[in-house]
$ cat my_file_27.txt   # compact mmCIF, C-alpha atoms
# COMPACT_ATOMS: atom_id res chain seq x y z
CA MET A 27 12.67 48.35 -22.59
CA ILE A 28 11.93 46.23 -19.53
CA SER A 29 8.46 46.84 -18.20
CA GLY A 30 7.46 46.52 -14.57
CA GLU A 31 5.14 43.63 -15.30
CA LEU A 32 7.95 41.62 -16.87
CA VAL A 33 10.06 42.21 -13.76
CA ILE A 34 7.23 40.92 -11.55
CA ASP A 35 6.77 37.85 -13.75
CA LEU A 36 10.50 37.14 -13.71
CA LEU A 37 10.66 37.54 -9.93
CA LEU A 38 7.66 35.25 -9.36
CA GLY A 39 8.73 32.53 -11.77
CA GLY A 40 12.40 32.74 -10.86
CA GLY A 41 11.53 32.87 -7.17
CA ALA A 42 9.45 29.71 -7.52
CA VAL A 43 12.33 27.90 -9.24
CA VAL A 44 14.89 29.13 -6.68
CA THR A 45 12.73 28.14 -3.69
CA ALA A 46 12.16 24.73 -5.32
CA VAL A 47 15.92 24.19 -5.65
CA LEU A 48 16.52 25.43 -2.09
CA CYS A 49 13.74 23.13 -0.87
CA LEU A 50 15.41 20.09 -2.41
CA THR A 51 18.91 21.03 -1.20
CA ALA A 52 17.93 22.03 2.34
CA LYS A 53 19.67 20.04 5.08
CA ASP A 54 16.86 20.14 7.61
CA LEU A 55 13.52 18.57 6.73
CA PHE A 56 11.55 21.31 8.46
CA GLN A 57 13.42 23.91 6.42
CA ALA A 58 12.58 22.00 3.24
CA ILE A 59 8.88 21.91 4.14
CA LEU A 60 8.79 25.64 4.87
CA LEU A 61 10.52 26.38 1.56
CA PHE A 62 7.95 24.17 -0.18
CA ILE A 63 5.12 26.18 1.40
CA SER A 64 6.84 29.41 0.30
CA MET A 65 7.05 28.03 -3.23
CA GLY A 66 3.32 27.28 -3.09
CA LEU A 67 2.58 30.88 -2.13
CA LEU A 68 4.82 32.28 -4.89
CA VAL A 69 3.09 30.00 -7.39
CA THR A 70 -0.27 31.27 -6.07
CA LEU A 71 0.80 34.78 -7.04
CA ALA A 72 1.88 33.45 -10.43
CA TRP A 73 -1.62 32.03 -10.98
CA VAL A 74 -3.04 35.46 -10.15
CA ARG A 75 -0.71 37.04 -12.70
CA LEU A 76 -1.92 34.52 -15.27
CA GLY A 77 -5.56 35.34 -14.50
CA ALA A 78 -6.43 31.95 -13.02
CA TRP A 79 -8.26 33.17 -9.93
CA ASP A 80 -10.01 29.91 -9.09
CA VAL A 81 -6.73 28.02 -9.28
CA ALA A 82 -5.04 30.68 -7.13
CA ILE A 83 -7.61 30.30 -4.34
CA ALA A 84 -7.34 26.51 -4.46
CA GLU A 85 -3.54 26.60 -4.50
CA ALA A 86 -3.41 28.97 -1.53
CA ALA A 87 -5.79 26.81 0.50
CA ILE A 88 -4.68 23.34 -0.58
CA GLY A 89 -1.26 23.52 -2.23
CA ALA A 90 0.32 25.80 0.34
CA GLY A 91 -1.87 25.41 3.41
CA LEU A 92 -3.11 21.84 3.68
CA THR A 93 -0.12 20.13 2.09
CA GLY A 94 2.12 22.02 4.50
CA ALA A 95 0.01 20.92 7.46
CA LEU A 96 0.13 17.29 6.31
CA LEU A 97 3.91 17.43 5.78
CA ILE A 98 4.55 18.97 9.20
CA ALA A 99 2.29 16.40 10.89
CA THR A 100 4.26 13.63 9.20
CA ARG A 101 7.57 15.15 10.23
CA ARG A 102 6.41 15.20 13.83
CA GLN A 103 5.58 11.50 13.59
CA LEU A 104 9.02 10.75 12.18
CA ASN A 105 10.78 12.55 15.00
CA GLN A 106 8.99 10.71 17.77
CA MET B 2 18.58 4.16 -7.13
CA PHE B 3 15.42 3.30 -5.25
CA ASN B 4 16.77 0.77 -2.76
CA ASP B 5 18.47 3.09 -0.32
CA LEU B 6 15.48 5.12 0.78
CA THR B 7 16.00 6.86 4.04
CA LEU B 8 13.78 8.44 6.61
CA GLY B 9 15.11 10.74 9.21
CA ARG B 10 15.45 14.21 10.40
CA ASN B 11 18.76 15.12 8.85
CA THR B 12 18.37 14.76 5.13
CA GLN B 13 22.12 14.70 4.57
CA GLN B 14 22.52 11.31 6.23
CA GLN B 15 21.82 9.53 3.04
CA ALA B 16 23.56 7.34 0.57
CA SER B 17 24.02 9.73 -2.32
CA LEU B 18 24.59 8.64 -5.85
CA PRO B 19 28.11 8.69 -7.30
CA ALA B 20 29.10 12.05 -8.75
CA GLY B 21 29.30 10.71 -12.31
CA VAL B 22 25.72 9.46 -12.20
CA LEU B 23 24.55 12.78 -10.76
CA ILE B 24 26.28 14.76 -13.51
CA MET B 25 24.79 12.51 -16.19
CA LEU B 26 21.38 12.91 -14.58
CA VAL B 27 21.69 16.70 -14.57
CA LEU B 28 22.82 16.70 -18.21
CA ALA B 29 19.99 14.39 -19.29
CA ILE B 30 17.31 16.40 -17.50
CA ALA B 31 18.75 19.70 -18.77
CA ALA B 32 18.74 18.33 -22.32
CA ALA B 33 15.14 17.16 -21.94
CA CYS B 34 14.11 20.58 -20.56
CA LEU B 35 15.87 22.43 -23.39
CA PHE B 36 14.17 20.17 -25.93
CA LEU B 37 10.78 20.89 -24.32
CA ILE B 38 11.43 24.65 -24.28
CA LYS B 39 12.51 24.56 -27.93
CA ALA B 40 9.38 22.58 -28.80
CA LEU B 41 7.31 25.15 -26.91
CA ILE B 42 8.84 28.05 -28.84
CA ASP B 43 8.56 26.27 -32.21
CA PHE B 44 4.99 25.25 -31.52
CA GLY B 45 3.89 28.77 -30.72
CA PRO B 46 0.56 29.66 -29.16
CA ALA B 47 -1.83 26.74 -29.42
CA GLU B 48 -5.22 26.99 -31.04
CA GLN B 49 -7.93 27.18 -28.45
CA PRO B 50 -11.19 25.90 -29.88
CA LEU B 51 -12.51 25.30 -26.36
CA VAL B 52 -12.63 29.02 -25.54
CA ALA B 53 -15.45 29.71 -27.97
CA LEU B 54 -17.18 26.46 -27.03
CA VAL B 55 -17.23 27.32 -23.32
CA ALA B 56 -18.29 30.90 -23.98
CA SER B 57 -21.16 29.93 -26.26
CA ASN B 58 -22.53 27.26 -23.91
CA LEU B 59 -22.08 29.18 -20.68
CA ALA B 60 -25.64 30.53 -20.73
CA GLN B 61 -27.04 26.97 -20.73
CA SER B 62 -24.83 25.68 -17.91
CA GLY B 63 -26.77 27.19 -15.01
CA VAL B 64 -23.81 29.12 -13.59
CA ASP B 65 -21.92 32.25 -14.64
CA ASN B 66 -18.42 31.25 -13.57
CA PRO B 67 -16.89 29.40 -16.53
CA VAL B 68 -14.57 27.32 -14.34
CA THR B 69 -17.48 26.07 -12.25
CA ALA B 70 -19.42 25.41 -15.44
CA VAL B 71 -16.56 23.29 -16.81
CA LEU B 72 -16.04 21.48 -13.52
CA LEU B 73 -19.63 20.60 -12.73
CA ASN B 74 -21.42 20.68 -16.05
CA PHE B 75 -19.28 20.35 -19.19
CA ARG B 76 -16.71 17.98 -17.71
CA SER B 77 -18.58 16.71 -14.69
CA TYR B 78 -17.21 13.20 -15.14
CA ASP B 79 -13.79 14.56 -14.15
CA THR B 80 -15.14 15.96 -10.93
CA LEU B 81 -17.20 12.87 -10.19
CA LEU B 82 -14.15 10.66 -10.54
CA GLU B 83 -12.10 13.11 -8.51
CA VAL B 84 -14.49 12.82 -5.59
CA ALA B 85 -14.24 9.05 -6.04
CA VAL B 86 -10.42 9.27 -5.92
CA LEU B 87 -10.66 11.26 -2.69
CA LEU B 88 -12.97 8.61 -1.24
CA ILE B 89 -10.51 5.84 -2.19
CA VAL B 90 -7.67 7.70 -0.45
CA ALA B 91 -9.92 8.20 2.58
CA LEU B 92 -10.67 4.46 2.65
CA ALA B 93 -6.94 3.75 2.50
CA VAL B 94 -6.10 5.87 5.53
CA VAL B 95 -9.22 5.55 7.69
CA PRO B 96 -8.31 3.91 11.00
CA ALA B 97 -9.44 0.32 10.60
CA SER B 98 -10.97 -0.36 13.96
CA THR B 99 -14.64 -1.12 14.13
CA ASP B 100 -14.86 -1.02 17.92
CA GLN B 101 -15.03 2.77 17.80
CA SER B 102 -18.05 2.84 15.57
CA LYS B 103 -20.39 3.28 18.54
CA LEU B 104 -18.57 6.37 19.76
CA ARG B 105 -19.59 9.86 18.77
CA PHE B 106 -18.10 11.72 15.80
CA ILE B 107 -16.76 14.61 17.85
CA SER B 108 -15.57 14.07 21.39
CA VAL B 109 -14.53 16.82 23.78
CA SER B 110 -11.61 16.52 26.16
CA VAL B 111 -9.25 18.77 28.06
CA PRO B 112 -5.86 18.80 26.34
CA THR B 113 -2.68 18.20 28.28
CA GLU B 114 -0.99 21.22 26.73
CA ARG B 115 -3.23 24.20 26.30
CA SER B 116 -2.41 26.98 23.91
CA PHE B 117 -4.37 29.99 25.10
CA VAL B 118 -3.42 32.14 22.15
CA LEU B 119 -4.75 29.56 19.72
CA GLU B 120 -7.92 29.07 21.77
CA ALA B 121 -8.71 32.77 21.95
CA PHE B 122 -7.85 33.19 18.30
CA LEU B 123 -10.04 30.26 17.26
CA ARG B 124 -13.07 31.70 19.00
CA TRP B 125 -13.04 34.50 16.44
CA LEU B 126 -11.48 32.67 13.54
CA LEU B 127 -13.65 29.53 13.35
CA PRO B 128 -16.99 31.27 12.70
CA ALA B 129 -15.26 33.57 10.22
CA ILE B 130 -13.78 30.60 8.35
CA VAL B 131 -17.12 28.78 8.22
CA VAL B 132 -18.89 31.90 6.91
CA THR B 133 -16.12 32.54 4.37
CA SER B 134 -16.34 28.95 3.24
CA GLY B 135 -20.08 29.27 2.72
CA TYR B 136 -19.50 32.50 0.84
CA LEU B 137 -16.90 30.87 -1.42
CA LEU B 138 -19.32 28.03 -2.12
CA TRP B 139 -22.21 30.36 -2.95
CA THR B 140 -20.16 32.81 -4.97
CA GLY B 141 -18.63 29.97 -6.99
CA ALA B 142 -21.64 30.17 -9.27
CA ALA B 143 -20.66 33.63 -10.52
CA LEU B 144 -17.18 34.54 -9.27
CA PRO B 145 -13.99 32.60 -8.54
CA GLY B 146 -14.69 30.05 -5.83
CA GLY B 147 -16.53 26.79 -5.57
CA ALA B 148 -16.70 23.44 -3.85
CA PHE B 149 -12.97 22.70 -3.69
CA GLN B 150 -11.94 26.03 -2.28
CA ALA B 151 -14.79 26.04 0.24
CA GLY B 152 -14.05 22.46 1.25
CA ALA B 153 -10.35 23.16 1.70
CA LEU B 154 -11.11 26.21 3.83
CA LEU B 155 -13.54 24.21 5.97
CA ALA B 156 -10.90 21.50 6.35
CA GLY B 157 -8.46 24.19 7.52
CA ALA B 158 -10.97 25.12 10.23
CA GLY B 159 -11.20 21.46 11.26
CA ILE B 160 -7.41 21.11 11.43
CA LEU B 161 -7.13 24.25 13.59
CA LEU B 162 -9.78 22.77 15.88
CA LEU B 163 -7.75 19.57 16.13
CA LEU B 164 -4.57 21.51 16.91
CA ALA B 165 -6.26 23.35 19.78
CA GLY B 166 -6.70 19.91 21.33
CA HIS B 167 -10.17 20.25 22.83
CA HIS B 168 -11.93 18.23 20.17
CA ASN B 169 -11.20 14.88 18.67
CA PHE B 170 -12.75 13.44 15.54
CA ASN B 171 -13.63 9.76 15.38
CA PHE B 172 -13.97 8.84 11.74
CA ASN B 173 -15.50 5.45 12.51
CA ALA B 174 -18.70 7.04 13.76
CA PRO B 175 -21.74 6.65 11.48
CA ALA B 176 -22.07 10.43 11.10
CA ALA B 177 -18.45 10.66 9.92
CA ARG B 178 -18.92 7.79 7.47
CA LEU B 179 -21.95 9.62 6.11
CA LEU B 180 -19.92 12.81 5.67
CA LEU B 181 -17.19 10.90 3.84
CA VAL B 182 -19.55 9.44 1.22
CA VAL B 183 -22.28 12.08 0.91
CA GLY B 184 -20.47 13.99 -1.85
CA LEU B 185 -20.04 11.00 -4.12
CA ALA B 186 -23.50 9.65 -3.27
CA VAL B 187 -25.31 12.90 -4.07
CA PHE B 188 -23.25 13.36 -7.23
CA LEU B 189 -24.12 9.86 -8.43
CA LEU B 190 -27.79 10.20 -7.46
CA VAL B 191 -28.20 13.52 -9.27
CA GLY B 192 -26.21 12.24 -12.23
CA ALA B 193 -28.46 9.19 -12.47
CA ALA B 194 -31.70 11.05 -11.77
CA VAL B 195 -31.22 13.46 -14.67
CA ILE B 196 -31.32 10.46 -17.04
CA LEU B 197 -35.09 10.57 -16.55
CA SER B 198 -35.38 14.05 -18.03
CA SER B 199 -32.49 14.35 -20.47
CA GLY B 200 -31.71 10.73 -21.28
CA THR B 201 -27.98 11.13 -20.58
CA ALA B 202 -26.18 10.72 -17.29
CA LEU B 203 -24.95 14.00 -15.78
CA ALA B 204 -26.65 16.11 -18.50
CA TYR B 205 -28.72 18.43 -16.35
CA PRO B 206 -31.99 19.89 -17.66
CA GLN B 207 -31.33 23.54 -18.37
CA ALA B 208 -33.96 24.99 -16.05
CA TRP B 209 -32.70 23.00 -13.07
CA ALA B 210 -28.98 23.10 -13.80
CA GLY B 211 -28.08 25.90 -11.37
CA MET B 212 -29.98 24.29 -8.49
CA LEU B 213 -28.61 20.81 -9.16
CA ILE B 214 -25.04 22.12 -9.38
CA LEU B 215 -25.48 23.91 -6.05
CA ILE B 216 -26.81 20.74 -4.37
CA ILE B 217 -23.86 18.72 -5.68
CA GLU B 218 -21.44 21.43 -4.61
CA VAL B 219 -22.78 21.59 -1.04
CA ALA B 220 -22.45 17.82 -0.66
CA ALA B 221 -19.02 17.80 -2.32
CA THR B 222 -17.82 20.62 -0.02
CA LEU B 223 -18.78 18.63 3.09
CA THR B 224 -17.12 15.49 1.76
CA ILE B 225 -13.93 17.24 0.67
CA ALA B 226 -13.61 18.97 4.04
CA ALA B 227 -14.26 15.72 5.93
CA ILE B 228 -11.76 13.75 3.85
CA LEU B 229 -9.03 16.38 4.15
CA VAL B 230 -9.49 16.52 7.93
CA LEU B 231 -9.40 12.71 7.99
CA LEU B 232 -6.10 12.73 6.10
CA PHE B 233 -4.60 15.09 8.68
CA CYS B 234 -6.08 13.02 11.54
CA ALA B 235 -4.65 9.80 10.14
CA LEU B 236 -1.17 11.32 9.98
CA GLN B 237 -1.36 12.64 13.53
CA VAL B 238 -2.21 9.47 15.39
CA GLU B 239 0.39 6.79 15.92
CA PRO B 240 -0.35 3.82 13.67
CA PRO B 241 -1.11 0.62 15.55
CA ARG B 242 2.01 -1.42 16.11
CA ALA B 243 0.71 -4.53 17.75
CA LYS B 244 -0.86 -5.97 14.65
CA TYR B 245 2.39 -6.52 12.79
CA GLU B 246 4.78 -9.14 14.07
CA GLY B 247 7.65 -8.24 11.76
CA PRO B 248 9.19 -10.47 9.11
CA LYS B 249 9.06 -14.08 10.12
CA LYS B 250 12.41 -15.18 11.46
CA GLU B 251 13.47 -18.78 11.56
CA GLU B 252 13.74 -19.91 15.11
CA HIS B 253 15.15 -23.19 16.24
CA SER B 254 13.98 -24.54 19.50
CA MET C 7 8.85 36.58 -25.30
CA THR C 8 5.29 36.75 -24.05
CA GLN C 9 4.17 36.37 -20.45
CA ALA C 10 2.59 32.99 -21.17
CA MET C 11 5.77 31.66 -22.74
CA LEU C 12 7.85 32.96 -19.82
CA TYR C 13 5.74 31.08 -17.30
CA ALA C 14 5.69 27.97 -19.50
CA VAL C 15 9.51 27.98 -19.52
CA PHE C 16 9.56 28.38 -15.74
CA GLY C 17 7.10 25.50 -15.49
CA ILE C 18 9.36 23.25 -17.56
CA VAL C 19 12.35 24.23 -15.40
CA LEU C 20 10.33 23.47 -12.23
CA PHE C 21 9.44 20.07 -13.68
CA GLY C 22 13.12 19.40 -14.39
CA VAL C 23 14.12 20.40 -10.85
CA GLY C 24 11.44 18.14 -9.41
CA LEU C 25 12.40 15.24 -11.68
CA PHE C 26 16.03 15.54 -10.60
CA GLY C 27 14.90 15.53 -6.97
CA VAL C 28 12.78 12.42 -7.42
CA LEU C 29 15.65 10.53 -9.03
CA ALA C 30 18.65 11.77 -7.05
CA ILE C 31 17.48 12.31 -3.46
CA ALA C 32 17.30 9.28 -1.20
CA HIS C 33 15.20 10.84 1.54
CA VAL C 34 11.59 9.74 1.14
CA MET C 35 9.96 12.93 2.39
CA LYS C 36 12.03 15.01 -0.01
CA LYS C 37 11.11 12.64 -2.82
CA ILE C 38 7.47 13.43 -2.04
CA LEU C 39 8.26 17.16 -2.05
CA ALA C 40 10.03 16.70 -5.40
CA ILE C 41 7.01 14.94 -6.92
CA ASN C 42 4.86 17.85 -5.78
CA ILE C 43 7.29 20.30 -7.39
CA CYS C 44 7.02 18.28 -10.62
CA GLY C 45 3.25 18.61 -10.39
CA VAL C 46 3.42 22.37 -9.88
CA GLY C 47 5.61 22.60 -12.99
CA VAL C 48 3.03 20.71 -15.03
CA PHE C 49 0.23 22.94 -13.71
CA MET C 50 2.25 26.03 -14.62
CA VAL C 51 2.70 24.88 -18.23
CA PHE C 52 -1.05 24.17 -18.40
CA ILE C 53 -2.12 27.55 -17.03
CA ALA C 54 0.47 29.44 -19.06
CA ASN C 55 -0.77 27.84 -22.28
CA ALA C 56 -4.36 28.58 -21.26
CA SER C 57 -3.60 32.29 -21.02
CA SER C 58 -1.60 32.50 -24.26
CA GLY C 59 -4.60 33.27 -26.47
CA VAL C 60 -6.77 36.34 -26.68
CA ALA C 61 -9.25 35.10 -24.08
CA ALA C 62 -8.38 32.80 -21.19
CA ASP C 63 -9.16 29.13 -21.75
CA PHE C 64 -11.08 27.87 -18.72
CA VAL C 65 -10.94 24.14 -19.42
CA PRO C 66 -7.25 23.85 -18.37
CA HIS C 67 -8.07 25.95 -15.30
CA ALA C 68 -10.69 23.42 -14.27
CA MET C 69 -8.33 20.52 -14.98
CA VAL C 70 -5.58 22.08 -12.87
CA LEU C 71 -8.09 22.63 -10.07
CA THR C 72 -8.92 18.92 -10.21
CA GLY C 73 -5.22 18.14 -10.40
CA ILE C 74 -4.37 20.14 -7.26
CA VAL C 75 -6.93 18.26 -5.19
CA VAL C 76 -5.84 14.87 -6.55
CA ALA C 77 -2.19 15.84 -5.91
CA VAL C 78 -2.89 16.59 -2.26
CA ALA C 79 -4.79 13.31 -1.95
CA GLY C 80 -1.87 11.39 -3.45
CA THR C 81 0.58 13.24 -1.20
CA ALA C 82 -1.45 12.36 1.87
CA MET C 83 -1.55 8.74 0.78
CA ALA C 84 2.24 8.69 0.34
CA LEU C 85 2.75 10.41 3.69
CA SER C 86 0.58 7.89 5.50
CA LEU C 87 2.67 5.13 3.93
CA VAL C 88 5.82 6.93 5.17
CA VAL C 89 4.41 7.09 8.70
CA ARG C 90 3.53 3.38 8.54
CA ILE C 91 7.00 2.41 7.24
CA ASN C 92 8.59 4.49 9.97
CA ALA C 93 6.49 2.78 12.65
CA LEU C 94 7.42 -0.65 11.32
CA GLU C 95 11.13 0.24 11.19
CA GLN C 96 11.07 1.44 14.77
CA GLN C 97 9.27 -1.71 15.80
CA GLU C 98 11.97 -3.80 14.17
CA GLU C 99 14.63 -1.80 15.94
CA ASP C 100 12.88 -2.30 19.26
CA ALA C 101 12.56 -6.01 18.75

$ encode --input "my_file_27.txt" --output "C-alpha cells"
Amino acid sequence: MISGELVIDLLLGGGAVVTAVLCLTAKDLFQAILLFISMGLLVTLAWVRLGAWDVAIAEAAIGAGLTGALLIATRRQLNQ
Amino acid sequence: MFNDLTLGRNTQQQASLPAGVLIMLVLAIAAACLFLIKALIDFGPAEQPLVALVASNLAQSGVDNPVTAVLLNFRSYDTLLEVAVLLIVALAVVPASTDQSKLRFISVSVPTERSFVLEAFLRWLLPAIVVTSGYLLWTGAALPGGAFQAGALLAGAGILLLLAGHHNFNFNAPAARLLLVVGLAVFLLVGAAVILSSGTALAYPQAWAGMLILIIEVAATLTIAAILVLLFCALQVEPPRAKYEGPKKEEHS
Amino acid sequence: MTQAMLYAVFGIVLFGVGLFGVLAIAHVMKKILAINICGVGVFMVFIANASSGVAADFVPHAMVLTGIVVAVAGTAMALSLVVRINALEQQEEDA
C-alpha cells in the first residue's frame, strides 16, 4: 500500500535529483542556474517534510535566493 | 582533468573527457554510492544520545528553540568560527581601494535605466522585509528563525535596493567596516566577558543567557546581512584591470 | 523503507551526481554548481539521519544551518575568483 506521504517524499527527493542532473547537463548557463535554484526550493520542501524548519527557512533565503542572485550576477559579468 | 577549465556562455563549448574515462567515472561513482547506501541500510538508525542531552539542558540555555540553543549556547564555538569565516571571505572580496574610505556608506544617484515596477514594488516590500527580518530574529528564541535567517532576509532587501539602482554601497566607508566586524567583535567580547562570571569562555551565566544570546544575534544579523550584500556588490562591479600587467613577456629591443 | 532512509538515499545520489559534475564538467561555473549539489546531498544525509529517531535531533540541524551559510560564503569566494580570472583573460585577449 503506497501512502500519499510516501508519494510526496518520492516526488520531492526524486525531483531534487532530476533537477540536479538537468542542471549539470543544461546547455545554457542561465538555464543551469535556474535549475539549481529550483533544486534549492525542492530541497527546502524536503527539509520541511523532515521537520527541519530552521534549515528550511535558511535554505529558502540563502541556498535558493542569495546563491541564485550571486550566480546570476557572475553570469552577467562573464557575458560582458 | 583540471587543466582545460573553460568560462563562457555556452557550456557545450568545452573539451570533454574521452568516453571511456566518463564511463569509468560513472561506474566508480555509482559503485561508491551503492556501497554508501548499503552501509546506510546495514547500519540502521543511529543512536542519538544528543537528543536527550539537548532536551535536558534546554531549560538552562536561555532560549526555547533547541536549534538556537545549540547554535548559540551549546556549540557556540561553531557559530563564532562561522562568523569568522564569513569575515575572512568578506576581507577577500572587499574592494581594495583606500581612497574611497572618506566617502559615505550609502550614496544616492539616479540610475541610467529605471525600473518603475521594481521601484514601486520596493516601496512596499523593503519595510516589510525589514520588519519580517526583525520578527525572525526575535522569534528565533522560541520558534524556527534566528540570526542567519534574519541576516539573509536583510541581505535580500539590500540586494533588491542595489538592483533598483538608486543606492550604492561603499564598503570602504568606516560605517561599513564597522558593520562587517560588529558581529564577530560582539561575539568575542561577550564570550570573553562571561569568563568573569562563569570562568569559561562562551559559558553564559544562566540568568543572563537569553539576553546575551539576543545581543550576539542582533550583532551577528547585521554582520551577516552586510557581508552577504558585500559579496553581491563585489560580484557586480568590474574588477580593476589596470593593476595587472599580464604575464611578463620577454621583449628584445 | 522509512522516510529518513529514503531521503538519506536521495542525499547519497545527489552527492554522486554532484561529484560526477565536479570531475567531468570543464565549465568552471558548472563545477561550482556541482560542488553546491554535493553539499546539498551531504546536508540531506545529515538531516535525514537526524529525523530517523523517535525525536528529532537538533544538533545536526544546527550544523547544517552553519554549513549552508559557509557554503554560500565559499561559493561567493569561488565566484569572485571566476570573475577575476575572466577579467584577466579578457585583458590578455585585448593586449

$ residues_around --input "my_file_27.txt" --residues "range 55-63 of chain A" --least-positions-apart "4" --cutoff "8 Å" --atoms "all atoms listed in the file" --output "PyMOL selection string"
(chain A and resi 45-46+48-51+67+89-91+94+97-98+101) or (chain B and resi 10-12) or (chain C and resi 35-36+39)

$ residues_around --input "my_file_27.txt" --residues "Gly40 in chain A" --least-positions-apart "5" --cutoff "10 Å" --atoms "only C-alpha atoms" --output "number ranges by chain"
A: 34-35, 45-46, 68; C: 13, 16, 19-20

$ interface_residues --input "my_file_27.txt" --of "chain B" --to "chain A" --cutoff "12 Å" --atoms "all atoms listed in the file" --output "PyMOL selection string"
chain B and resi 7-15+66-69+72+130+134+137-138+140-161+163-164+225-226+228-240

$ residues_near_point --input "my_file_27.txt" --point "(4.1, 11.3, -4.2)" --cutoff "8 Å" --atoms "all atoms listed in the file" --output "list of chain:residue names"
C:Lys37, C:Ile38, C:Leu39, C:Ile41, C:Asn42, C:Ala77, C:Gly80, C:Thr81, C:Met83, C:Ala84

$ residues_around --input "my_file_27.txt" --residues "Leu76 in chain A" --least-positions-apart "6" --cutoff "12 Å" --atoms "all atoms listed in the file" --output "number ranges by chain"
A: 31, 34-35, 38-39, 69-70, 82; C: 8-14, 49-59, 61-64, 67

$ atom_distance --input "my_file_27.txt" --atom1 "CA of Gly45 in chain C" --atom2 "CA of Gly24 in chain C"
8.3 Å

$ atom_distance --input "my_file_27.txt" --atom1 "CA of Met65 in chain A" --atom2 "CA of Leu37 in chain A"
12.2 Å

$ closest_residue --input "my_file_27.txt" --among "C:Gly73, C:Leu85, C:Leu25, C:Val60" --to "chain A" --atoms "all atoms listed in the file"
C:Leu85

$ decode --input "my_file_27.txt" --residues "range 35-77 of chain A" --atoms "C-alpha atoms" --output "PDB file, in the first residue's frame"
ATOM      1  CA  ASP A  35       8.635  12.176  -0.390  1.00  0.00           C
ATOM      2  CA  LEU A  36       9.465  10.322  -3.595  1.00  0.00           C
ATOM      3  CA  LEU A  37       8.443  13.302  -5.729  1.00  0.00           C
ATOM      4  CA  LEU A  38      10.491  15.757  -3.651  1.00  0.00           C
ATOM      5  CA  GLY A  39      13.614  13.622  -3.422  1.00  0.00           C
ATOM      6  CA  GLY A  40      13.392  12.373  -6.991  1.00  0.00           C
ATOM      7  CA  GLY A  41      12.612  15.877  -8.223  1.00  0.00           C
ATOM      8  CA  ALA A  42      15.706  17.213  -6.475  1.00  0.00           C
ATOM      9  CA  VAL A  43      17.887  14.533  -8.089  1.00  0.00           C
ATOM     10  CA  VAL A  44      16.335  15.078 -11.536  1.00  0.00           C
ATOM     11  CA  THR A  45      16.732  18.871 -11.379  1.00  0.00           C
ATOM     12  CA  ALA A  46      20.337  18.379 -10.234  1.00  0.00           C
ATOM     13  CA  VAL A  47      21.062  16.166 -13.259  1.00  0.00           C
ATOM     14  CA  LEU A  48      19.268  18.597 -15.597  1.00  0.00           C
ATOM     15  CA  CYS A  49      21.220  21.476 -14.045  1.00  0.00           C
ATOM     16  CA  LEU A  50      24.544  19.791 -14.807  1.00  0.00           C
ATOM     17  CA  THR A  51      23.542  18.763 -18.345  1.00  0.00           C
ATOM     18  CA  ALA A  52      21.918  22.060 -19.355  1.00  0.00           C
ATOM     19  CA  LYS A  53      23.481  23.706 -22.409  1.00  0.00           C
ATOM     20  CA  ASP A  54      22.861  27.296 -21.391  1.00  0.00           C
ATOM     21  CA  LEU A  55      24.431  28.617 -18.204  1.00  0.00           C
ATOM     22  CA  PHE A  56      21.370  30.667 -17.303  1.00  0.00           C
ATOM     23  CA  GLN A  57      19.217  27.552 -17.624  1.00  0.00           C
ATOM     24  CA  ALA A  58      21.600  25.680 -15.336  1.00  0.00           C
ATOM     25  CA  ILE A  59      21.409  28.429 -12.705  1.00  0.00           C
ATOM     26  CA  LEU A  60      17.603  28.483 -12.795  1.00  0.00           C
ATOM     27  CA  LEU A  61      17.501  24.697 -12.434  1.00  0.00           C
ATOM     28  CA  PHE A  62      19.872  24.982  -9.474  1.00  0.00           C
ATOM     29  CA  ILE A  63      17.527  27.491  -7.815  1.00  0.00           C
ATOM     30  CA  SER A  64      14.596  25.130  -8.478  1.00  0.00           C
ATOM     31  CA  MET A  65      16.552  22.324  -6.853  1.00  0.00           C
ATOM     32  CA  GLY A  66      17.130  24.566  -3.825  1.00  0.00           C
ATOM     33  CA  LEU A  67      13.391  25.175  -3.494  1.00  0.00           C
ATOM     34  CA  LEU A  68      12.564  21.459  -3.824  1.00  0.00           C
ATOM     35  CA  VAL A  69      15.165  20.690  -1.165  1.00  0.00           C
ATOM     36  CA  THR A  70      13.573  23.378   1.035  1.00  0.00           C
ATOM     37  CA  LEU A  71      10.313  21.436   0.865  1.00  0.00           C
ATOM     38  CA  ALA A  72      12.237  18.263   1.685  1.00  0.00           C
ATOM     39  CA  TRP A  73      13.603  19.923   4.844  1.00  0.00           C
ATOM     40  CA  VAL A  74      10.031  20.822   5.803  1.00  0.00           C
ATOM     41  CA  ARG A  75       8.984  17.202   5.301  1.00  0.00           C
ATOM     42  CA  LEU A  76      11.855  16.133   7.546  1.00  0.00           C
ATOM     43  CA  GLY A  77      10.792  18.591  10.251  1.00  0.00           C
TER      44      GLY A  77
END
